[in-house]
file final04.txt (compact mmCIF, C-alpha atoms and all ligand atoms)
# COMPACT_ATOMS: atom_id res chain seq x y z
CA MET G 55 119.90 153.66 103.56
CA ASN G 56 118.53 150.31 104.72
CA TYR G 57 120.99 148.12 106.58
CA HIS G 58 118.75 145.06 106.89
CA ALA G 59 119.00 142.02 104.62
CA ASP G 60 117.17 142.16 101.29
CA GLN G 61 114.96 139.30 100.02
CA ASN G 62 117.94 137.25 98.93
CA GLY G 63 119.91 137.79 102.09
CA TYR G 64 122.22 140.48 100.75
CA TYR G 65 123.56 143.36 102.79
CA GLY G 66 124.94 145.56 100.01
CA ILE G 67 127.34 143.28 98.14
CA PHE G 68 127.74 140.92 101.12
CA GLY G 69 125.71 137.86 102.13
CA GLY G 70 123.69 135.58 99.84
CA ALA G 71 123.79 131.80 99.82
CA TYR G 72 126.77 130.13 98.14
CA ILE G 73 126.20 126.46 98.81
CA PRO G 74 126.75 123.09 97.15
CA GLU G 75 123.89 121.71 95.09
CA ILE G 76 123.22 118.98 97.65
CA LEU G 77 122.26 121.56 100.32
CA HIS G 78 119.96 123.64 98.12
CA SER G 79 116.67 122.08 99.16
CA ASN G 80 117.53 122.20 102.92
CA VAL G 81 118.43 125.88 102.80
CA GLU G 82 115.51 126.69 100.52
CA LYS G 83 113.00 125.06 102.90
CA LEU G 84 114.45 127.00 105.81
CA ARG G 85 114.38 130.23 103.79
CA ASP G 86 110.74 129.70 102.84
CA ALA G 87 109.67 128.87 106.41
CA TYR G 88 111.61 131.05 108.84
CA LEU G 89 109.75 134.37 108.57
CA ARG G 90 106.34 132.77 108.44
CA ILE G 91 107.05 130.67 111.56
CA MET G 92 108.78 133.48 113.46
CA ASN G 93 105.75 135.72 112.90
CA GLU G 94 103.19 133.19 114.18
CA GLU G 95 101.59 134.30 117.44
CA GLY G 96 102.08 130.85 118.99
CA PHE G 97 105.75 130.88 118.14
CA LYS G 98 106.33 134.35 119.56
CA LYS G 99 104.52 133.40 122.74
CA GLU G 100 106.58 130.25 123.29
CA PHE G 101 109.87 131.98 122.37
CA HIS G 102 109.35 134.97 124.65
CA GLY G 103 107.98 132.75 127.42
CA LEU G 104 111.17 130.70 127.44
CA LEU G 105 113.34 133.81 127.21
CA ARG G 106 111.60 135.11 130.31
CA ASP G 107 111.26 132.00 132.47
CA TYR G 108 114.16 129.82 131.32
CA VAL G 109 116.83 132.32 130.25
CA GLY G 110 115.89 134.98 132.81
CA ARG G 111 115.12 137.88 130.48
CA PRO G 112 114.96 140.79 130.34
CA SER G 113 118.63 140.97 131.22
CA PRO G 114 119.35 144.11 133.29
CA LEU G 115 120.60 147.34 131.75
CA TYR G 116 122.92 148.44 134.51
CA PHE G 117 124.12 152.02 134.95
CA ALA G 118 127.83 151.58 135.70
CA ARG G 119 128.55 154.57 137.93
CA ARG G 120 132.25 154.12 138.51
CA LEU G 121 132.94 153.17 134.89
CA SER G 122 130.98 156.27 133.83
CA GLU G 123 133.07 158.52 136.07
CA LYS G 124 136.24 157.03 134.70
CA TYR G 125 135.34 157.52 131.00
CA GLY G 126 133.28 160.71 131.27
CA ALA G 127 129.97 159.49 129.82
CA ARG G 128 126.77 157.81 130.99
CA ILE G 129 127.70 154.17 130.50
CA TYR G 130 125.13 151.37 130.70
CA LEU G 131 126.03 147.68 130.55
CA LYS G 132 123.61 145.26 128.88
CA ARG G 133 124.04 142.21 131.08
CA GLU G 134 123.88 139.21 128.72
CA ASP G 135 126.36 137.60 131.12
CA LEU G 136 123.45 137.03 133.52
CA ASN G 137 121.54 134.78 131.10
CA HIS G 138 121.20 131.05 131.78
CA THR G 139 124.40 129.39 130.46
CA GLY G 140 126.25 132.68 130.82
CA ALA G 141 126.06 134.41 127.44
CA HIS G 142 123.81 135.71 124.67
CA LYS G 143 124.06 132.54 122.56
CA ILE G 144 121.05 130.90 124.23
CA ASN G 145 118.68 133.53 122.73
CA ASN G 146 119.45 132.11 119.29
CA THR G 147 119.55 128.42 120.17
CA ILE G 148 116.10 128.62 121.78
CA GLY G 149 114.73 130.38 118.71
CA GLN G 150 116.22 127.87 116.28
CA ILE G 151 115.14 124.78 118.19
CA LEU G 152 111.54 126.00 118.33
CA LEU G 153 111.74 126.65 114.60
CA ALA G 154 113.21 123.19 113.95
CA ARG G 155 110.38 121.53 115.86
CA ARG G 156 107.78 123.38 113.84
CA MET G 157 109.54 122.21 110.67
CA GLY G 158 109.19 118.61 111.88
CA LYS G 159 112.90 118.00 112.60
CA LEU G 160 113.87 115.43 115.22
CA ARG G 161 117.63 115.77 115.26
CA ILE G 162 119.88 118.78 115.87
CA ILE G 163 123.49 119.21 114.80
CA ALA G 164 125.89 122.03 115.59
CA GLU G 165 129.56 122.89 115.32
CA THR G 166 131.53 124.40 118.15
CA GLY G 167 134.96 125.91 118.67
CA ALA G 168 135.50 126.70 122.32
CA GLY G 169 132.33 124.86 123.19
CA GLN G 170 130.08 127.81 124.11
CA HIS G 171 127.68 127.33 121.21
CA GLY G 172 127.82 123.56 121.71
CA VAL G 173 126.79 123.91 125.35
CA ALA G 174 123.97 126.35 124.47
CA THR G 175 122.72 123.92 121.81
CA ALA G 176 123.00 120.83 124.05
CA THR G 177 121.11 122.77 126.75
CA VAL G 178 118.07 123.49 124.59
CA CYS G 179 118.13 119.94 123.18
CA ALA G 180 117.89 118.59 126.74
CA LEU G 181 115.07 121.03 127.39
CA MET G 182 113.18 119.97 124.26
CA ASN G 183 114.12 116.27 124.33
CA MET G 184 115.81 116.38 120.92
CA GLN G 185 118.73 114.26 119.70
CA CYS G 186 121.89 116.40 119.59
CA VAL G 187 125.22 115.87 117.81
CA VAL G 188 127.98 118.46 118.21
CA TYR G 189 131.03 118.47 115.94
CA MET G 190 134.22 119.69 117.58
CA GLY G 191 137.85 119.65 116.46
CA GLU G 192 140.19 117.37 118.40
CA THR G 193 142.45 120.30 119.28
CA ASP G 194 139.50 122.16 120.79
CA ILE G 195 138.29 119.04 122.62
CA ALA G 196 141.66 118.81 124.34
CA ARG G 197 141.61 122.53 125.25
CA GLN G 198 137.99 122.69 126.43
CA ALA G 199 137.47 119.54 128.49
CA LEU G 200 134.95 121.15 130.84
CA ASN G 201 132.60 122.18 128.02
CA VAL G 202 132.88 118.70 126.46
CA ARG G 203 131.81 117.14 129.76
CA LYS G 204 128.94 119.63 130.11
CA MET G 205 127.64 118.75 126.63
CA GLU G 206 127.84 115.03 127.44
CA MET G 207 126.08 115.53 130.77
CA LEU G 208 123.36 117.40 128.85
CA GLY G 209 122.91 114.32 126.68
CA ALA G 210 124.69 115.45 123.50
CA GLU G 211 127.08 113.32 121.49
CA VAL G 212 130.34 115.19 120.87
CA ARG G 213 131.91 113.96 117.63
CA PRO G 214 135.67 114.61 117.39
CA VAL G 215 136.93 116.02 114.07
CA ALA G 216 140.45 115.01 113.08
CA SER G 217 140.81 116.82 109.73
CA GLY G 218 142.74 120.06 109.05
CA ASN G 219 143.81 122.02 112.11
CA LYS G 220 141.18 120.14 114.12
CA THR G 221 139.48 123.41 115.12
CA LEU G 222 136.27 125.34 114.38
CA LYS G 223 136.58 125.56 110.59
CA ASP G 224 137.04 121.78 110.35
CA ALA G 225 134.15 121.10 112.73
CA THR G 226 131.95 123.34 110.54
CA ASN G 227 132.88 121.36 107.43
CA GLU G 228 131.95 118.11 109.19
CA ALA G 229 128.59 119.53 110.35
CA ILE G 230 127.81 120.60 106.77
CA ARG G 231 128.69 117.09 105.57
CA ASP G 232 126.30 115.60 108.14
CA TRP G 233 123.51 117.96 107.03
CA CYS G 234 124.01 116.92 103.41
CA CYS G 235 123.50 113.25 104.41
CA ASN G 236 120.49 113.82 106.66
CA PRO G 237 118.44 116.49 104.94
CA SER G 238 114.95 115.52 106.00
CA ASP G 239 115.13 114.92 109.77
CA THR G 240 118.01 117.24 110.80
CA HIS G 241 118.29 120.96 111.53
CA TYR G 242 121.72 122.58 111.66
CA ILE G 243 121.88 125.26 114.38
CA ILE G 244 124.47 127.87 113.40
CA GLY G 245 125.61 129.94 116.37
CA SER G 246 126.32 133.35 114.86
CA THR G 247 125.27 135.74 112.08
CA VAL G 248 127.27 133.71 109.55
CA GLY G 249 126.56 131.01 106.97
CA PRO G 250 124.24 131.12 103.95
CA HIS G 251 121.02 133.15 103.87
CA PRO G 252 118.72 132.91 105.85
CA TYR G 253 121.04 132.21 108.81
CA PRO G 254 122.54 135.71 109.28
CA ASP G 255 119.12 137.38 109.13
CA MET G 256 117.46 134.70 111.25
CA VAL G 257 120.12 134.81 113.98
CA ALA G 258 120.08 138.62 114.02
CA ARG G 259 116.30 138.55 114.49
CA PHE G 260 116.51 136.09 117.39
CA GLN G 261 119.21 138.22 119.03
CA SER G 262 117.34 141.48 118.38
CA VAL G 263 115.65 141.02 121.76
CA ILE G 264 118.83 142.64 123.13
CA SER G 265 118.23 145.96 121.38
CA GLU G 266 114.46 145.87 121.98
CA GLU G 267 115.17 145.65 125.70
CA ILE G 268 117.85 148.36 125.55
CA GLY G 269 115.26 150.71 124.03
CA GLN G 270 112.66 150.00 126.72
CA GLN G 271 115.17 150.13 129.56
CA LEU G 272 116.77 153.37 128.37
CA SER G 273 113.31 154.94 128.26
CA GLU G 274 112.97 154.16 131.96
CA HIS G 275 116.48 155.28 132.92
CA GLU G 276 117.01 158.23 130.60
CA GLY G 277 113.57 159.21 129.33
CA ARG G 278 114.55 158.47 125.74
CA ASP G 279 114.60 155.20 123.84
CA HIS G 280 117.94 155.52 122.09
CA PRO G 281 121.56 155.83 123.20
CA ASP G 282 124.21 157.99 121.52
CA TYR G 283 126.59 155.04 121.23
CA LEU G 284 126.21 151.27 121.08
CA ILE G 285 129.30 149.15 121.61
CA ALA G 286 129.69 145.37 121.14
CA CYS G 287 132.42 142.88 120.32
CA VAL G 288 132.31 140.94 117.05
CA GLY G 289 133.37 137.36 116.42
CA GLY G 290 130.84 136.20 113.84
CA GLY G 291 128.71 139.16 114.88
CA SER G 292 125.58 137.89 116.63
CA ASN G 293 125.69 139.82 119.90
CA ALA G 294 126.60 142.99 117.99
CA ALA G 295 123.81 142.42 115.45
CA GLY G 296 121.35 141.89 118.32
CA THR G 297 122.58 145.03 120.07
CA PHE G 298 122.37 147.21 116.93
CA TYR G 299 119.25 145.69 115.39
CA ARG G 300 116.49 148.19 116.14
CA TYR G 301 118.87 151.12 115.59
CA LEU G 302 120.42 150.00 112.30
CA ASN G 303 118.58 152.68 110.32
CA ASP G 304 118.53 155.25 113.16
CA GLU G 305 121.47 157.51 112.35
CA ARG G 306 121.27 159.30 115.71
CA VAL G 307 122.89 156.22 117.20
CA LYS G 308 126.60 155.64 116.57
CA LEU G 309 127.46 151.96 116.21
CA ILE G 310 130.85 150.67 117.34
CA ALA G 311 131.95 147.09 116.64
CA VAL G 312 135.14 145.81 118.24
CA GLU G 313 137.12 142.95 116.79
CA ALA G 314 140.13 141.08 118.14
CA ALA G 315 143.55 142.46 117.20
CA GLY G 316 145.22 139.49 118.95
CA ARG G 317 148.94 140.15 119.45
CA GLY G 318 148.66 143.22 117.18
CA MET G 319 147.33 144.04 113.72
CA GLU G 320 150.74 143.77 112.05
CA THR G 321 151.88 140.59 113.77
CA GLY G 322 150.02 138.10 111.59
CA GLU G 323 148.40 136.82 114.77
CA SER G 324 144.98 138.45 114.97
CA ALA G 325 141.32 137.90 114.19
CA ALA G 326 140.61 141.44 112.92
CA THR G 327 138.69 140.28 109.86
CA ILE G 328 137.07 143.59 108.93
CA HIS G 329 140.39 145.44 109.10
CA LEU G 330 142.52 142.78 107.42
CA GLY G 331 140.13 140.62 105.38
CA ARG G 332 139.36 140.75 101.67
CA GLU G 333 136.14 139.87 99.88
CA GLY G 334 135.63 136.16 99.56
CA ILE G 335 133.26 133.32 100.31
CA ILE G 336 133.29 131.39 103.56
CA HIS G 337 130.71 128.94 104.88
CA GLY G 338 128.17 129.88 102.24
CA SER G 339 128.35 133.65 102.53
CA ARG G 340 130.07 136.41 100.56
CA THR G 341 131.89 138.49 103.14
CA LEU G 342 135.31 139.63 104.29
CA VAL G 343 137.70 136.75 104.87
CA MET G 344 141.21 136.57 106.29
CA GLN G 345 143.02 134.98 103.37
CA THR G 346 146.37 134.75 101.61
CA GLU G 347 147.10 136.24 98.16
CA ASP G 348 145.91 133.01 96.53
CA GLY G 349 142.74 132.71 98.62
CA GLN G 350 143.79 130.24 101.32
CA ILE G 351 142.06 130.95 104.62
CA VAL G 352 144.49 132.30 107.23
CA GLU G 353 144.19 130.74 110.70
CA PRO G 354 142.98 133.51 112.97
CA TYR G 355 144.32 134.11 116.47
CA SER G 356 142.82 135.77 119.54
CA ILE G 357 143.22 135.18 123.26
CA SER G 358 139.45 134.84 123.27
CA ALA G 359 138.14 131.71 121.56
CA GLY G 360 134.77 133.26 120.71
CA LEU G 361 136.34 135.95 118.50
CA ASP G 362 138.70 133.58 116.75
CA TYR G 363 136.87 133.27 113.38
CA PRO G 364 138.40 134.02 109.93
CA GLY G 365 135.15 135.48 108.53
CA ILE G 366 132.61 138.03 109.73
CA GLY G 367 128.84 138.24 109.43
CA PRO G 368 127.85 139.92 106.14
CA ILE G 369 125.75 142.47 108.04
CA HIS G 370 128.91 143.83 109.69
CA ALA G 371 130.99 143.74 106.50
CA ASN G 372 128.32 146.01 105.00
CA LEU G 373 127.94 148.28 108.05
CA SER G 374 131.67 148.88 107.85
CA ALA G 375 131.83 149.34 104.05
CA ALA G 376 128.92 151.83 104.21
CA ARG G 377 130.60 153.59 107.15
CA ARG G 378 127.46 153.11 109.21
CA ALA G 379 129.49 151.41 111.95
CA GLU G 380 132.91 152.30 113.24
CA VAL G 381 135.07 149.21 113.60
CA LEU G 382 137.78 149.21 116.25
CA ALA G 383 140.21 146.45 117.20
CA ALA G 384 141.46 145.61 120.68
CA THR G 385 144.59 143.55 121.37
CA ASP G 386 144.80 140.69 123.86
CA ASP G 387 146.50 143.03 126.35
CA GLU G 388 143.92 145.80 125.91
CA ALA G 389 141.11 143.31 126.51
CA LEU G 390 142.82 141.83 129.58
CA ARG G 391 143.35 145.31 131.03
CA ALA G 392 139.67 146.15 130.45
CA ALA G 393 138.53 142.87 132.06
CA PHE G 394 140.60 143.45 135.21
CA GLU G 395 139.39 147.06 135.35
CA LEU G 396 135.69 146.17 135.14
CA THR G 397 136.19 143.51 137.80
CA ALA G 398 138.00 145.92 140.13
CA ILE G 399 135.65 148.89 139.84
CA GLU G 400 132.23 147.33 139.15
CA GLY G 401 132.56 143.81 140.56
CA ILE G 402 131.75 142.13 137.23
CA ILE G 403 134.12 139.55 135.71
CA PRO G 404 133.34 139.67 131.97
CA ALA G 405 133.99 137.07 129.28
CA LEU G 406 137.21 137.76 127.38
CA GLU G 407 135.15 138.42 124.25
CA SER G 408 133.13 141.11 126.04
CA ALA G 409 136.35 142.60 127.40
CA HIS G 410 137.20 143.62 123.81
CA ALA G 411 134.07 145.79 123.74
CA LEU G 412 135.03 147.29 127.11
CA ALA G 413 138.51 148.09 125.77
CA ALA G 414 136.90 150.44 123.24
CA LEU G 415 135.94 152.85 126.06
CA ALA G 416 139.57 153.91 126.36
CA MET G 417 139.84 154.50 122.59
CA LYS G 418 137.00 157.05 122.37
CA THR G 419 136.45 160.55 123.75
CA PHE G 420 132.90 161.08 124.98
CA ARG G 421 130.96 164.15 126.09
CA PRO G 422 129.63 163.99 129.67
CA HIS G 423 125.99 163.67 128.58
CA ASP G 424 126.60 160.97 125.98
CA VAL G 425 124.61 157.83 126.71
CA VAL G 426 126.60 154.70 125.91
CA ALA G 427 125.12 151.19 125.96
CA LEU G 428 127.72 148.43 125.88
CA THR G 429 126.83 144.75 125.67
CA VAL G 430 128.59 142.42 128.10
CA SER G 431 128.02 139.34 125.93
CA GLY G 432 129.07 136.78 128.54
CA ARG G 433 130.55 136.06 131.95
CA GLY G 434 134.16 135.32 132.70
CA ASP G 435 133.95 132.00 134.54
CA LYS G 436 135.11 130.10 131.45
CA ASP G 437 138.12 132.41 131.14
CA MET G 438 139.48 132.15 134.67
CA ASP G 439 142.51 130.06 133.63
CA THR G 440 143.50 132.80 131.18
CA TYR G 441 142.90 135.57 133.71
CA LEU G 442 144.99 133.71 136.32
CA ALA G 443 147.82 133.24 133.82
CA HIS G 444 147.98 137.06 133.44
CA PHE G 445 147.14 137.93 137.02
CA ASP G 446 150.40 139.55 138.12
CA LYS G 447 150.64 141.79 135.07
CA PHE G 448 147.08 143.14 135.12
CA ASN G 449 145.66 142.86 138.62
CA ARG G 450 145.55 146.17 140.47
CA ARG G 451 147.43 146.03 143.76
CA PRO G 452 145.07 146.46 146.69
C1 LIG Q 501 130.53 133.29 121.05
C2 LIG Q 501 130.71 134.52 121.86
C3 LIG Q 501 130.99 135.78 121.26
C4 LIG Q 501 131.21 135.95 119.79
O1 LIG Q 501 130.14 135.62 118.99
P1 LIG Q 501 129.25 136.73 118.23
O2 LIG Q 501 128.43 135.93 117.30
O3 LIG Q 501 130.19 137.67 117.52
O4 LIG Q 501 128.47 137.43 119.25
C5 LIG Q 501 131.07 136.89 122.07
N1 LIG Q 501 130.93 136.80 123.41
C6 LIG Q 501 130.68 135.62 124.02
C7 LIG Q 501 130.54 135.59 125.50
C8 LIG Q 501 130.57 134.45 123.27
O5 LIG Q 501 130.33 133.27 123.90
call {"tool": "encode", "arguments": {"input": "final04.txt", "output": "structure tokens"}}
result
Amino acid sequence: MNYHADQNGYYGIFGGAYIPEILHSNVEKLRDAYLRIMNEEGFKKEFHGLLRDYVGRPSPLYFARRLSEKYGARIYLKREDLNHTGAHKINNTIGQILLARRMGKLRIIAETGAGQHGVATATVCALMNMQCVVYMGETDIARQALNVRKMEMLGAEVRPVASGNKTLKDATNEAIRDWCCNPSDTHYIIGSTVGPHPYPDMVARFQSVISEEIGQQLSEHEGRDHPDYLIACVGGGSNAAGTFYRYLNDERVKLIAVEAAGRGMETGESAATIHLGREGIIHGSRTLVMQTEDGQIVEPYSISAGLDYPGIGPIHANLSAARRAEVLAATDDEALRAAFELTAIEGIIPALESAHALAALAMKTFRPHDVVALTVSGRGDKDMDTYLAHFDKFNRRP
């Protein structure tokens, strides 16, 4: 089996490009250019140079001794939390902005929910001296004041979106509308392995540096270039796709994706799209979608803003349907418990999203020699208010 995208961006029955007529030429130009540009020597050199000197790559692969003792396996943490701006998202925004420049674009637009992708985009626009407009729902603007200020300080214009629930989905619609009106000078940076082809494949390729490094680093630590298990959280799926990428067709490696069960799978308040979604089309891609009987999108819920998306990257919908990946779901409480545990025994405060991946350790039974690589997609600074609100329940007494 081949779990990569085919020529038309399909992963099995999922993926493709379902877009309005007015966007066809934009998406077509990107589709015709992305592989050619990404394979140019000059591009690779600039991309990997910035990943090294600006982002700080390679990110460490850290052998977590106390976590390993606790769960009875050899557990390594891939430290994307140590990247500049605090998460994996910058790998993709650097790649896309370099691509946009080579396509002659002068202006960048993006959508953001919690603001993480907006900040990563505004950061690379400052770096590259590009005009940057970020669409953000008014509800999210009120909840994420710090990220709004960061984007403004970085020189981006944050455009409030007042339609719908005033959250991510509405901001995405506004960004698409902008792209329709400004096809020639604007590139739309999508932040995850979602959207029409070629975005899912392109984002997965930019993030695949994570699994390339895991392979090299495991060779040094373990004398073999593959783990027995890979574990990552999934919102839209980009850090998981990057973690799995070089091992997609390597059946020795078990892939585990962890989505957000929110308050519980049966409560109607979750973001467990692969477990609960049905086939549909969202943001230009055929995938699993959380929807009602008559096809209305259901508002997702998770304590972690980065996992709060009603769709899922088509690559993961297919990995699950083909049973290549095991998909688990962690509740808010399970993620909080895992975050406090990692902090207490390893001295690492993870992002709430990453804490969902950590929660999977308690759901599996490993053999002592199993090598597990788990991606810590981001750091927990942005989540301190949430951690403090749950401090008494989850903090271990000294
Ligand atoms: C945005 C985000 C995620 C979720 O996005 P994916 O595309 O699924 O990786 C996970 N972790 C962190 C820290 C994030 O900022």
call {"tool": "residues_near_point", "arguments": {"input": "final04.txt", "point": "(149.1, 142.0, 120.5)", "cutoff": "7 Å", "atoms": "all atoms listed in the file", "output": "list in words"}}
result
Ala315, Gly316, Arg317, Gly318, Thr385, Asp386 and Asp387 of chain G
call {"tool": "closest_atom_pairs", "arguments": {"input": "final04.txt", "of": "segment 368-408 of chain G", "to": "segment 441-448 of chain G", "cutoff": "9 Å", "atoms": "all atoms listed in the file", "output": "Markdown table"}}
result
| residue | atom | partner | partner_atom | distance |
| --- | --- | --- | --- | --- |
| G:Asp387 | CA | G:Phe448 | CA | 8.8 |
| G:Leu390 | CA | G:Phe448 | CA | 7.1 |
| G:Arg391 | CA | G:Phe448 | CA | 5.9 |
| G:Ala393 | CA | G:Tyr441 | CA | 8.7 |
| G:Phe394 | CA | G:Phe448 | CA | 6.5 |
| G:Glu395 | CA | G:Phe448 | CA | 8.6 |
| G:Leu406 | CA | G:Tyr441 | CA | 8.8 |
call {"tool": "closest_residue", "arguments": {"input": "final04.txt", "among": "G:Ala258, G:Leu104, G:Leu131, G:Leu361", "to": "ligand LIG 501 (chain Q)", "atoms": "all atoms listed in the file"}}
result
G:Leu361
call {"tool": "atom_distance", "arguments": {"input": "final04.txt", "atom1": "atom CA of Glu323 of chain G", "atom2": "atom CA of Glu353 of chain G"}}
result
8.4 Å
call {"tool": "closest_residue", "arguments": {"input": "final04.txt", "among": "G:Ile366, G:Cys179, G:Ala409, G:Ala141", "to": "Asn293 of chain G", "atoms": "all atoms listed in the file"}}
result
G:Ala141
call {"tool": "closest_atom_pairs", "arguments": {"input": "final04.txt", "of": "segment 128-171 of chain G", "to": "segment 202-222 of chain G", "cutoff": "12 Å", "atoms": "only C-alpha atoms", "output": "Markdown table"}}
result
| residue | atom | partner | partner_atom | distance |
| --- | --- | --- | --- | --- |
| G:Thr139 | CA | G:Lys204 | CA | 10.8 |
| G:Arg161 | CA | G:Ala210 | CA | 10.9 |
| G:Ile162 | CA | G:Ala210 | CA | 9.6 |
| G:Ile163 | CA | G:Ala210 | CA | 9.6 |
| G:Ala164 | CA | G:Val212 | CA | 9.7 |
| G:Glu165 | CA | G:Leu222 | CA | 7.2 |
| G:Thr166 | CA | G:Leu222 | CA | 6.1 |
| G:Gly167 | CA | G:Leu222 | CA | 4.5 |
| G:Ala168 | CA | G:Leu222 | CA | 8.1 |
| G:Gly169 | CA | G:Val202 | CA | 7.0 |
| G:Gln170 | CA | G:Met205 | CA | 9.7 |
| G:His171 | CA | G:Met205 | CA | 10.1 |
call {"tool": "residues_near_point", "arguments": {"input": "final04.txt", "point": "(115.7, 128.7, 132.5)", "cutoff": "12 Å", "atoms": "all atoms listed in the file", "output": "MDAnalysis selection string"}}
result
chainID G and resid 102:111 136:140 144:145 148 174 177:178 180:181
call {"tool": "atom_distance", "arguments": {"input": "final04.txt", "atom1": "atom CA of Ser339 of chain G", "atom2": "atom CA of Phe68 of chain G"}}
result
7.4 Å
call {"tool": "residues_near_ligand", "arguments": {"input": "final04.txt", "ligand": "ligand LIG 501 (chain Q)", "cutoff": "8 Å", "atoms": "all atoms listed in the file", "output": "JSON, numbers by chain"}}
result
{"G": [135, 140, 141, 142, 143, 170, 171, 245, 246, 247, 287, 288, 289, 290, 291, 292, 293, 294, 295, 359, 360, 361, 405, 406, 407, 408, 430, 431, 432, 433]}
call {"tool": "atom_distance", "arguments": {"input": "final04.txt", "atom1": "atom CA of Arg377 of chain G", "atom2": "atom CA of Ile244 of chain G"}}
result
27.2 Å
call {"tool": "closest_residue", "arguments": {"input": "final04.txt", "among": "G:Tyr64, G:Tyr116, G:Tyr283, G:Tyr242", "to": "Lys418 of chain G", "atoms": "only C-alpha atoms"}}
result
G:Tyr283
call {"tool": "closest_residue", "arguments": {"input": "final04.txt", "among": "G:Val425, G:Met256, G:Met190, G:Ala379", "to": "Ile268 of chain G", "atoms": "all atoms listed in the file"}}
result
G:Val425
call {"tool": "residues_around", "arguments": {"input": "final04.txt", "residues": "Glu94 of chain G", "least_positions_apart": "5", "cutoff": "12 Å", "atoms": "all atoms listed in the file", "output": "mmCIF file with C-alpha atoms, keeping the file's coordinate frame"}}
result
data_model
loop_
_atom_site.group_PDB
_atom_site.id
_atom_site.type_symbol
_atom_site.label_atom_id
_atom_site.label_comp_id
_atom_site.auth_asym_id
_atom_site.auth_seq_id
_atom_site.Cartn_x
_atom_site.Cartn_y
_atom_site.Cartn_z
ATOM 1 C CA ALA G 87 109.670 128.870 106.410
ATOM 2 C CA TYR G 88 111.610 131.050 108.840
ATOM 3 C CA LEU G 89 109.750 134.370 108.570
ATOM 4 C CA LYS G 99 104.520 133.400 122.740
ATOM 5 C CA GLU G 100 106.580 130.250 123.290
ATOM 6 C CA PHE G 101 109.870 131.980 122.370
ATOM 7 C CA LEU G 152 111.540 126.000 118.330
ATOM 8 C CA LEU G 153 111.740 126.650 114.600
ATOM 9 C CA ARG G 156 107.780 123.380 113.840
#
